[in-house]
$ cat model_5.txt   # compact mmCIF, C-alpha atoms and all ligand atoms
# COMPACT_ATOMS: atom_id res chain seq x y z
CA MET R 1 28.61 22.49 9.32
CA LYS R 2 24.94 21.81 9.91
CA TYR R 3 23.09 20.11 7.08
CA ASP R 4 19.33 19.65 6.85
CA LEU R 5 18.42 18.09 3.52
CA HIS R 6 14.67 17.51 3.83
CA SER R 7 12.14 20.26 4.46
CA HIS R 8 8.77 21.55 3.30
CA THR R 9 7.24 24.96 2.60
CA TYR R 10 3.67 25.96 1.84
CA TYR R 11 4.31 24.97 -1.77
CA SER R 12 3.34 21.51 -0.50
CA ASP R 13 2.18 20.64 3.02
CA GLY R 14 4.60 22.77 5.01
CA LYS R 15 3.13 25.76 6.81
CA LEU R 16 5.83 28.37 6.25
CA PRO R 17 6.44 30.38 3.09
CA PRO R 18 9.96 29.86 1.71
CA ILE R 19 11.22 33.14 3.16
CA GLU R 20 10.16 32.23 6.68
CA LEU R 21 11.63 28.76 6.31
CA ILE R 22 14.98 30.27 5.32
CA GLU R 23 14.85 32.78 8.18
CA ARG R 24 14.16 29.98 10.62
CA ALA R 25 16.94 27.79 9.20
CA VAL R 26 19.45 30.64 9.61
CA GLU R 27 18.20 31.24 13.15
CA LYS R 28 18.72 27.55 13.94
CA GLY R 29 22.26 27.62 12.61
CA VAL R 30 21.64 25.48 9.53
CA ASP R 31 24.45 26.03 7.02
CA VAL R 32 23.04 23.96 4.16
CA LEU R 33 19.32 23.47 3.67
CA ALA R 34 17.44 21.54 1.00
CA ILE R 35 13.84 22.45 0.32
CA THR R 36 12.12 19.26 -0.79
CA ASP R 37 8.43 19.93 -1.35
CA HIS R 38 6.14 17.11 -2.40
CA ASP R 39 6.12 16.96 -6.20
CA SER R 40 6.97 20.66 -6.41
CA ILE R 41 9.88 23.01 -6.90
CA GLY R 42 7.63 26.04 -6.44
CA GLY R 43 9.43 27.46 -3.40
CA LEU R 44 13.00 27.37 -4.64
CA ALA R 45 13.20 30.58 -6.66
CA GLU R 46 11.73 32.71 -3.85
CA ALA R 47 14.10 31.16 -1.34
CA HIS R 48 17.16 31.78 -3.52
CA GLN R 49 16.13 35.38 -4.17
CA PHE R 50 15.70 36.02 -0.48
CA ILE R 51 19.08 34.52 0.41
CA ASP R 52 20.79 36.57 -2.31
CA SER R 53 19.08 39.84 -1.53
CA GLU R 54 19.73 39.55 2.22
CA GLN R 55 23.15 37.95 1.71
CA LEU R 56 22.31 35.27 4.25
CA PRO R 57 24.93 32.78 5.46
CA ILE R 58 23.14 29.70 4.19
CA LYS R 59 23.41 27.53 1.11
CA LEU R 60 20.19 26.32 -0.46
CA ILE R 61 20.15 22.97 -2.24
CA ASN R 62 17.45 22.57 -4.88
CA GLY R 63 15.36 19.59 -3.90
CA ILE R 64 12.07 17.79 -4.38
CA GLU R 65 10.28 14.83 -2.78
CA PHE R 66 8.51 12.63 -5.31
CA SER R 67 5.70 10.30 -4.30
CA THR R 68 6.21 7.04 -6.16
CA LYS R 69 5.03 3.49 -6.17
CA TRP R 70 7.04 0.35 -5.80
CA GLN R 71 5.29 -3.00 -5.40
CA SER R 72 2.38 -2.21 -3.10
CA PHE R 73 4.23 0.56 -1.26
CA GLU R 74 4.17 4.34 -1.57
CA ILE R 75 7.83 5.25 -1.57
CA HIS R 76 9.16 8.79 -1.29
CA ILE R 77 12.20 9.66 -3.34
CA VAL R 78 14.05 12.86 -2.54
CA GLY R 79 16.00 14.51 -5.33
CA LEU R 80 18.91 16.67 -4.17
CA ASN R 81 20.94 19.23 -6.09
CA ILE R 82 18.65 19.03 -9.12
CA GLU R 83 18.80 21.36 -12.09
CA THR R 84 15.36 22.88 -12.00
CA ASP R 85 15.16 23.66 -15.72
CA ASN R 86 15.53 20.07 -16.88
CA ALA R 87 12.73 19.10 -19.27
CA ASP R 88 12.34 15.50 -18.03
CA LEU R 89 12.10 16.68 -14.44
CA LEU R 90 9.57 19.38 -15.29
CA ALA R 91 7.46 16.93 -17.29
CA LEU R 92 7.31 14.51 -14.37
CA ILE R 93 6.45 17.27 -11.92
CA ASN R 94 3.62 18.29 -14.18
CA GLU R 95 2.27 14.73 -14.38
CA GLN R 96 2.47 14.24 -10.63
CA GLN R 97 0.71 17.54 -9.99
CA GLN R 98 -2.12 16.52 -12.30
CA LYS R 99 -2.40 13.26 -10.40
CA ARG R 100 -2.67 15.24 -7.18
CA GLU R 101 -5.55 17.28 -8.66
CA THR R 102 -7.42 14.19 -9.81
CA ARG R 103 -6.90 12.40 -6.52
CA ALA R 104 -7.99 15.48 -4.56
CA ALA R 105 -11.33 15.63 -6.38
CA GLU R 106 -11.91 11.93 -5.68
CA MET R 107 -10.91 12.28 -2.03
CA ALA R 108 -13.25 15.23 -1.60
CA ALA R 109 -16.14 13.28 -3.15
CA ARG R 110 -15.55 10.34 -0.80
CA LEU R 111 -15.28 12.56 2.25
CA GLU R 112 -18.45 14.45 1.37
CA LYS R 113 -20.26 11.13 1.25
CA LYS R 114 -19.13 10.70 4.85
CA GLY R 115 -20.82 13.94 5.81
CA PHE R 116 -18.05 16.52 5.52
CA SER R 117 -18.88 19.66 3.60
CA ASN R 118 -17.15 22.02 1.19
CA VAL R 119 -14.13 19.75 1.29
CA LEU R 120 -12.31 20.50 -1.98
CA ALA R 121 -12.82 24.26 -1.87
CA ARG R 122 -11.62 24.45 1.73
CA ALA R 123 -8.62 22.19 1.09
CA LYS R 124 -7.64 24.41 -1.84
CA GLU R 125 -8.01 27.48 0.32
CA LEU R 126 -5.73 25.96 2.95
CA ALA R 127 -3.21 24.83 0.33
CA GLY R 128 -2.91 28.32 -1.18
CA PRO R 129 -0.15 28.17 -3.79
CA GLY R 130 0.85 24.67 -2.70
CA GLN R 131 0.22 21.18 -3.97
CA LEU R 132 -2.85 19.54 -2.47
CA THR R 133 -1.81 16.83 -0.05
CA ARG R 134 -3.59 14.56 2.37
CA THR R 135 -2.41 16.89 5.11
CA HIS R 136 -4.69 19.62 3.77
CA PHE R 137 -7.64 17.24 3.79
CA ALA R 138 -6.73 16.23 7.32
CA ARG R 139 -6.87 19.89 8.37
CA VAL R 140 -10.31 20.29 6.77
CA ILE R 141 -11.67 17.22 8.55
CA LYS R 142 -10.19 18.36 11.85
CA GLU R 143 -11.83 21.77 11.46
CA GLN R 144 -15.14 20.00 11.12
CA GLY R 145 -14.58 18.30 14.44
CA ALA R 146 -14.06 14.67 13.49
CA ALA R 147 -10.87 14.15 15.48
CA LYS R 148 -8.78 16.18 17.87
CA ASP R 149 -5.47 15.96 16.06
CA LEU R 150 -4.15 15.31 12.57
CA GLN R 151 -2.79 11.89 13.52
CA GLY R 152 -6.26 10.88 14.57
CA VAL R 153 -7.76 12.14 11.33
CA PHE R 154 -5.22 10.21 9.26
CA LYS R 155 -5.90 7.05 11.20
CA LYS R 156 -9.67 7.31 10.88
CA PHE R 157 -10.01 8.65 7.36
CA LEU R 158 -6.90 9.00 5.27
CA VAL R 159 -4.83 5.83 5.42
CA ARG R 160 -5.31 2.74 3.29
CA SER R 161 -8.75 1.10 3.60
CA LYS R 162 -10.22 4.18 5.30
CA PRO R 163 -13.06 6.16 3.67
CA GLY R 164 -11.07 9.13 2.39
CA TYR R 165 -8.15 7.13 1.06
CA VAL R 166 -7.76 7.05 -2.68
CA PRO R 167 -5.22 4.56 -4.03
CA SER R 168 -2.36 6.41 -5.58
CA SER R 169 -1.41 6.44 -9.21
CA TRP R 170 2.04 7.88 -8.59
CA CYS R 171 4.84 7.24 -11.06
CA ASP R 172 7.07 4.21 -10.60
CA MET R 173 10.04 4.63 -8.31
CA ALA R 174 12.32 4.10 -11.31
CA THR R 175 10.67 6.95 -13.24
CA ALA R 176 11.28 9.42 -10.43
CA ILE R 177 14.89 8.32 -10.07
CA ALA R 178 15.43 8.68 -13.83
CA ALA R 179 14.02 12.22 -13.82
CA ILE R 180 16.20 13.22 -10.86
CA ARG R 181 19.27 11.76 -12.56
CA ALA R 182 18.36 13.50 -15.83
CA ALA R 183 18.41 16.74 -13.85
CA ASN R 184 21.88 15.82 -12.54
CA GLY R 185 20.53 15.36 -9.04
CA VAL R 186 21.12 12.66 -6.45
CA ALA R 187 18.19 10.31 -5.82
CA VAL R 188 17.77 9.53 -2.14
CA LEU R 189 15.39 7.03 -0.56
CA ALA R 190 13.48 9.07 2.03
CA HIS R 191 12.72 7.92 5.60
CA PRO R 192 13.26 4.17 5.01
CA SER R 193 11.78 3.21 8.37
CA ARG R 194 8.42 4.84 7.73
CA TYR R 195 7.06 2.40 5.17
CA GLY R 196 6.10 -0.25 7.69
CA MET R 197 8.07 -2.89 5.81
CA SER R 198 10.02 -5.80 7.18
CA ASN R 199 13.80 -5.79 6.81
CA LYS R 200 13.45 -8.41 4.12
CA TRP R 201 11.29 -6.06 2.06
CA LEU R 202 13.56 -3.13 2.81
CA ARG R 203 16.51 -5.06 1.45
CA ARG R 204 14.54 -5.96 -1.65
CA LEU R 205 13.70 -2.32 -2.07
CA LEU R 206 17.35 -1.30 -1.71
CA VAL R 207 18.47 -3.79 -4.34
CA GLU R 208 15.97 -2.47 -6.84
CA PHE R 209 16.54 1.16 -5.84
CA LYS R 210 20.25 0.73 -6.64
CA ASP R 211 19.48 -1.18 -9.80
CA VAL R 212 17.44 1.67 -11.24
CA GLY R 213 19.96 4.37 -10.34
CA GLY R 214 19.20 5.31 -6.74
CA GLN R 215 22.28 6.70 -5.00
CA GLY R 216 21.46 7.76 -1.47
CA LEU R 217 19.75 6.70 1.72
CA GLU R 218 18.24 9.02 4.30
CA VAL R 219 20.03 7.63 7.32
CA ALA R 220 19.48 10.32 9.93
CA LEU R 221 16.15 11.80 10.91
CA PRO R 222 15.23 13.47 14.19
CA GLN R 223 13.17 11.43 16.66
CA GLN R 224 14.75 8.22 15.54
CA ALA R 225 15.90 5.43 17.82
CA PRO R 226 19.73 5.36 17.89
CA CYS R 227 19.68 1.70 16.85
CA ASP R 228 17.56 2.56 13.81
CA ARG R 229 20.09 5.18 12.74
CA GLN R 230 22.93 2.70 13.23
CA PHE R 231 21.07 0.07 11.24
CA LEU R 232 20.43 2.44 8.33
CA GLY R 233 24.09 3.46 8.42
CA GLN R 234 25.03 -0.18 8.19
CA LEU R 235 22.69 -0.67 5.21
CA SER R 236 24.24 2.35 3.49
CA ARG R 237 27.64 0.71 3.71
CA GLU R 238 26.37 -2.69 2.69
CA TYR R 239 24.59 -1.33 -0.40
CA GLN R 240 27.15 1.39 -1.02
CA LEU R 241 24.76 4.27 -0.80
CA LEU R 242 25.55 7.88 0.04
CA CYS R 243 24.05 9.05 3.31
CA SER R 244 21.66 11.92 3.78
CA GLN R 245 20.08 13.54 6.81
CA GLY R 246 17.01 15.72 7.15
CA SER R 247 14.36 16.88 9.57
CA ASP R 248 11.38 16.53 7.20
CA PHE R 249 10.31 19.81 8.76
CA HIS R 250 6.71 20.86 8.01
CA PHE R 251 6.08 23.43 10.75
CA PRO R 252 7.58 24.29 14.13
CA THR R 253 6.67 22.05 17.05
CA ASN R 254 8.19 21.53 20.47
CA TRP R 255 9.68 18.25 19.42
CA LEU R 256 11.04 18.87 15.92
CA ASP R 257 12.90 21.70 14.28
CA LEU R 258 15.20 22.49 11.41
CA GLY R 259 18.69 21.09 11.81
CA ARG R 260 18.04 19.55 15.20
CA ASN R 261 19.44 16.15 16.22
CA LEU R 262 20.89 15.32 12.82
CA TYR R 263 24.20 13.50 12.56
CA LEU R 264 25.45 10.50 10.60
CA PRO R 265 26.83 7.36 12.22
CA LYS R 266 30.55 6.70 11.86
CA ASP R 267 31.90 5.51 8.50
CA CYS R 268 28.96 6.81 6.53
CA GLU R 269 29.72 8.64 3.29
CA PRO R 270 27.79 11.92 3.31
CA VAL R 271 25.86 12.78 0.19
CA TRP R 272 27.23 16.33 0.36
CA GLN R 273 30.85 15.24 0.00
CA GLN R 274 30.51 15.45 -3.76
CA TRP R 275 29.15 19.01 -3.58
CA GLY R 276 32.55 20.62 -3.15
CA ASP R 277 32.57 23.44 -0.65
CA ALA R 278 28.83 23.32 -0.01
P1 LIG R 301 0.22 12.84 0.27
O1 LIG R 301 1.59 12.92 -0.36
O2 LIG R 301 -0.71 13.87 -0.25
O3 LIG R 301 -0.35 11.46 0.24
O4 LIG R 301 0.39 13.24 1.79
C1 LIG R 301 1.33 12.63 2.55
C2 LIG R 301 1.75 13.56 3.66
O5 LIG R 301 0.83 13.45 4.72
C3 LIG R 301 3.08 13.17 4.24
O6 LIG R 301 4.11 13.83 3.58
C4 LIG R 301 2.99 13.62 5.67
O7 LIG R 301 3.39 14.97 5.78
C5 LIG R 301 1.52 13.52 5.97
N1 LIG R 301 1.16 12.30 6.72
C6 LIG R 301 1.14 11.04 6.27
N2 LIG R 301 0.74 10.17 7.22
C7 LIG R 301 0.51 10.93 8.33
C8 LIG R 301 0.05 10.66 9.67
N3 LIG R 301 -0.24 9.41 10.05
N4 LIG R 301 -0.07 11.70 10.50
C9 LIG R 301 0.21 12.96 10.14
N5 LIG R 301 0.64 13.28 8.90
C10 LIG R 301 0.78 12.29 8.01
MN MN R 302 4.39 15.99 4.00
MN MN R 303 7.93 11.74 2.90
MN MN R 304 8.95 15.08 3.47
$ encode --input "model_5.txt" --output "structure tokens"
Amino acid sequence: MKYDLHSHTYYSDGKLPPIELIERAVEKGVDVLAITDHDSIGGLAEAHQFIDSEQLPIKLINGIEFSTKWQSFEIHIVGLNIETDNADLLALINEQQQKRETRAAEMAARLEKKGFSNVLARAKELAGPGQLTRTHFARVIKEQGAAKDLQGVFKKFLVRSKPGYVPSSWCDMATAIAAIRAANGVAVLAHPSRYGMSNKWLRRLLVEFKDVGGQGLEVALPQQAPCDRQFLGQLSREYQLLCSQGSDFHFPTNWLDLGRNLYLPKDCEPVWQQWGDA
């Protein structure tokens, strides 16, 4: 069974509509896919309808990726197997989406001061039905010729202390975990190695994450050093966390795709074990 439990559609900063994401996942042999858009569950209904109407051999897990804050870090919490009609969950999604709107206006104002034009309108155009993310702003800046790739744009304009960066007002990590739990989902700490924190801080984070109800750790990602995967597996055992794996797919590239290069180290307890015959 091939599991990919972290992916994005154009309801956040992914490029594909849900239907195309599902088609691609089936093509790549993914048996169980979670769609985990940033602060959005907008793509789930369409994806389910498509799977049902075409009777596709894939199981879709309802997911979300919340942006949260913990200490001075922006931490991403993935919710898996959530009930999408839960009032607490919906209220938090609504708050986070409003924060995205407010931040987007502020980002656009700052970037226009730096000489870029029509920033908010263009970012909204690019985002379509999706949540506005920094990725959309990066695409706008790139279009206007300020850097040759998105990485470069992020580095010059969109990361902390750069002109287009607006400090986040995301909910606390604990709030996101509580909402996911209220919706009977599993709260998973996303891509632990991407926060640029020392192991000491990571361990502190894991203690608090567990304390406030966190249950899972994203242990396997593509393009990860084998020793990093082993280390995260070891942490999952030490802190007794369920293990997840996901591509964090946003759009097709030569080096990353749905379901590719995902496996858990030995002796890891998969998060999907409790999902019955998923
Ligand atoms: P936001 O949640 O709006 O702050 O946007 C964060 C998103 O931007 C992440 O989910 C990534 O998809 C993308 N991102 C963050 N940092 C980088 C980077 N250095 N290069 C390319 N994309 C990035
Ligand atoms: Mn993203
Ligand atoms: Mn993330
Ligand atoms: Mn993601």
$ atom_distance --input "model_5.txt" --atom1 "CA of Asn86 in chain R" --atom2 "CA of Ala176 in chain R"
13.2 Å
$ closest_residue --input "model_5.txt" --among "R:Glu208, R:Asp248, R:Asp39, R:Glu27" --to "ligand MN 304 (chain R)" --atoms "all atoms listed in the file"
R:Asp248
$ residues_near_ligand --input "model_5.txt" --ligand "ligand MN 302 (chain R)" --cutoff "12 Å" --atoms "only C-alpha atoms and all ligand atoms" --output "PyMOL selection string"
chain R and resi 6-15+36-40+64-67+76+130-136+138+190-191+247-251
$ atom_distance --input "model_5.txt" --atom1 "CA of Ser236 in chain R" --atom2 "CA of Pro192 in chain R"
11.2 Å
$ closest_residue --input "model_5.txt" --among "R:Asn94, R:Gln223, R:Ser244, R:Gln234" --to "Arg260 in chain R" --atoms "only C-alpha atoms"
R:Gln223
$ closest_residue --input "model_5.txt" --among "R:Ala147, R:Cys243, R:Ile75, R:Leu5" --to "Met173 in chain R" --atoms "only C-alpha atoms"
R:Ile75
$ closest_residue --input "model_5.txt" --among "R:Gly115, R:Gly216, R:Gly246, R:Gly42" --to "ligand MN 303 (chain R)" --atoms "only C-alpha atoms and all ligand atoms"
R:Gly246
$ atom_distance --input "model_5.txt" --atom1 "CA of Lys200 in chain R" --atom2 "CA of Leu80 in chain R"
27.0 Å
$ closest_residue --input "model_5.txt" --among "R:Asp52, R:Asp211, R:Glu218, R:Asp267" --to "ligand MN 304 (chain R)" --atoms "all atoms listed in the file"
R:Glu218
$ closest_residue --input "model_5.txt" --among "R:Leu189, R:Val119, R:Ala25, R:Ala127" --to "ligand MN 304 (chain R)" --atoms "only C-alpha atoms and all ligand atoms"
R:Leu189
$ residues_around --input "model_5.txt" --residues "Gln144 in chain R" --least-positions-apart "3" --cutoff "9 Å" --atoms "all atoms listed in the file" --output "ChimeraX atom specification"
/R:116-117,139-141,147
$ axis_aligned_box --input "model_5.txt" --around "ligand LIG 301 (chain R)" --padding-each-side "4 Å" --output "JSON"
{"center_x": 1.7, "center_y": 12.2, "center_z": 5.1, "size_x": 12.8, "size_y": 13.6, "size_z": 18.9}
$ residues_around --input "model_5.txt" --residues "Val159 in chain R" --least-positions-apart "2" --cutoff "12 Å" --atoms "all atoms listed in the file" --output "VMD selection string"
chain R and resid 74 107 134 to 135 137 to 138 150 to 157 161 to 168
$ decode --input "model_5.txt" --residues "range 86-113 of chain R" --atoms "N, CA and C atoms" --output "compact mmCIF listing (two decimals), in the first residue's frame"
# COMPACT_ATOMS: atom_id res chain seq x y z
N ASN R 86 -16.97 19.78 11.82
CA ASN R 86 -16.83 20.13 13.23
C ASN R 86 -16.78 21.65 13.42
N ALA R 87 -17.57 22.15 14.36
CA ALA R 87 -17.70 23.60 14.53
C ALA R 87 -16.39 24.26 14.99
N ASP R 88 -15.67 23.63 15.90
CA ASP R 88 -14.41 24.21 16.38
C ASP R 88 -13.40 24.31 15.24
N LEU R 89 -13.35 23.25 14.45
CA LEU R 89 -12.42 23.23 13.32
C LEU R 89 -12.77 24.35 12.33
N LEU R 90 -14.06 24.43 12.01
CA LEU R 90 -14.48 25.43 11.02
C LEU R 90 -14.22 26.84 11.53
N ALA R 91 -14.43 27.05 12.83
CA ALA R 91 -14.19 28.38 13.39
C ALA R 91 -12.71 28.76 13.28
N LEU R 92 -11.85 27.81 13.55
CA LEU R 92 -10.41 28.10 13.46
C LEU R 92 -9.99 28.35 12.01
N ILE R 93 -10.54 27.56 11.10
CA ILE R 93 -10.21 27.77 9.69
C ILE R 93 -10.59 29.19 9.27
N ASN R 94 -11.77 29.59 9.71
CA ASN R 94 -12.25 30.92 9.39
C ASN R 94 -11.31 32.01 9.93
N GLU R 95 -10.89 31.86 11.17
CA GLU R 95 -9.96 32.83 11.77
C GLU R 95 -8.65 32.89 11.01
N GLN R 96 -8.13 31.72 10.70
CA GLN R 96 -6.83 31.67 10.00
C GLN R 96 -6.94 32.30 8.61
N GLN R 97 -8.08 32.07 7.96
CA GLN R 97 -8.25 32.62 6.62
C GLN R 97 -8.34 34.15 6.68
N GLN R 98 -8.98 34.65 7.74
CA GLN R 98 -9.02 36.11 7.89
C GLN R 98 -7.62 36.66 8.12
N LYS R 99 -6.83 35.93 8.90
CA LYS R 99 -5.45 36.37 9.13
C LYS R 99 -4.66 36.38 7.83
N ARG R 100 -4.93 35.42 6.98
CA ARG R 100 -4.25 35.40 5.67
C ARG R 100 -4.61 36.64 4.85
N GLU R 101 -5.89 37.02 4.88
CA GLU R 101 -6.34 38.21 4.14
C GLU R 101 -5.63 39.46 4.65
N THR R 102 -5.63 39.62 5.97
CA THR R 102 -5.02 40.81 6.58
C THR R 102 -3.53 40.86 6.25
N ARG R 103 -2.87 39.72 6.41
CA ARG R 103 -1.43 39.67 6.15
C ARG R 103 -1.15 39.98 4.68
N ALA R 104 -2.01 39.46 3.80
CA ALA R 104 -1.79 39.66 2.36
C ALA R 104 -1.82 41.15 2.01
N ALA R 105 -2.77 41.87 2.59
CA ALA R 105 -2.87 43.30 2.30
C ALA R 105 -1.60 44.01 2.76
N GLU R 106 -1.13 43.64 3.94
CA GLU R 106 0.09 44.26 4.49
C GLU R 106 1.33 43.89 3.65
N MET R 107 1.39 42.64 3.24
CA MET R 107 2.52 42.23 2.39
C MET R 107 2.53 43.01 1.08
N ALA R 108 1.34 43.14 0.50
CA ALA R 108 1.24 43.85 -0.78
C ALA R 108 1.69 45.29 -0.61
N ALA R 109 1.25 45.92 0.48
CA ALA R 109 1.64 47.33 0.72
C ALA R 109 3.16 47.44 0.82
N ARG R 110 3.78 46.52 1.57
CA ARG R 110 5.24 46.58 1.73
C ARG R 110 5.97 46.35 0.41
N LEU R 111 5.44 45.42 -0.38
CA LEU R 111 6.11 45.12 -1.65
C LEU R 111 5.94 46.26 -2.64
N GLU R 112 4.79 46.93 -2.58
CA GLU R 112 4.59 48.05 -3.51
C GLU R 112 5.55 49.18 -3.16
N LYS R 113 5.84 49.33 -1.88
CA LYS R 113 6.84 50.34 -1.49
C LYS R 113 8.21 50.02 -2.08
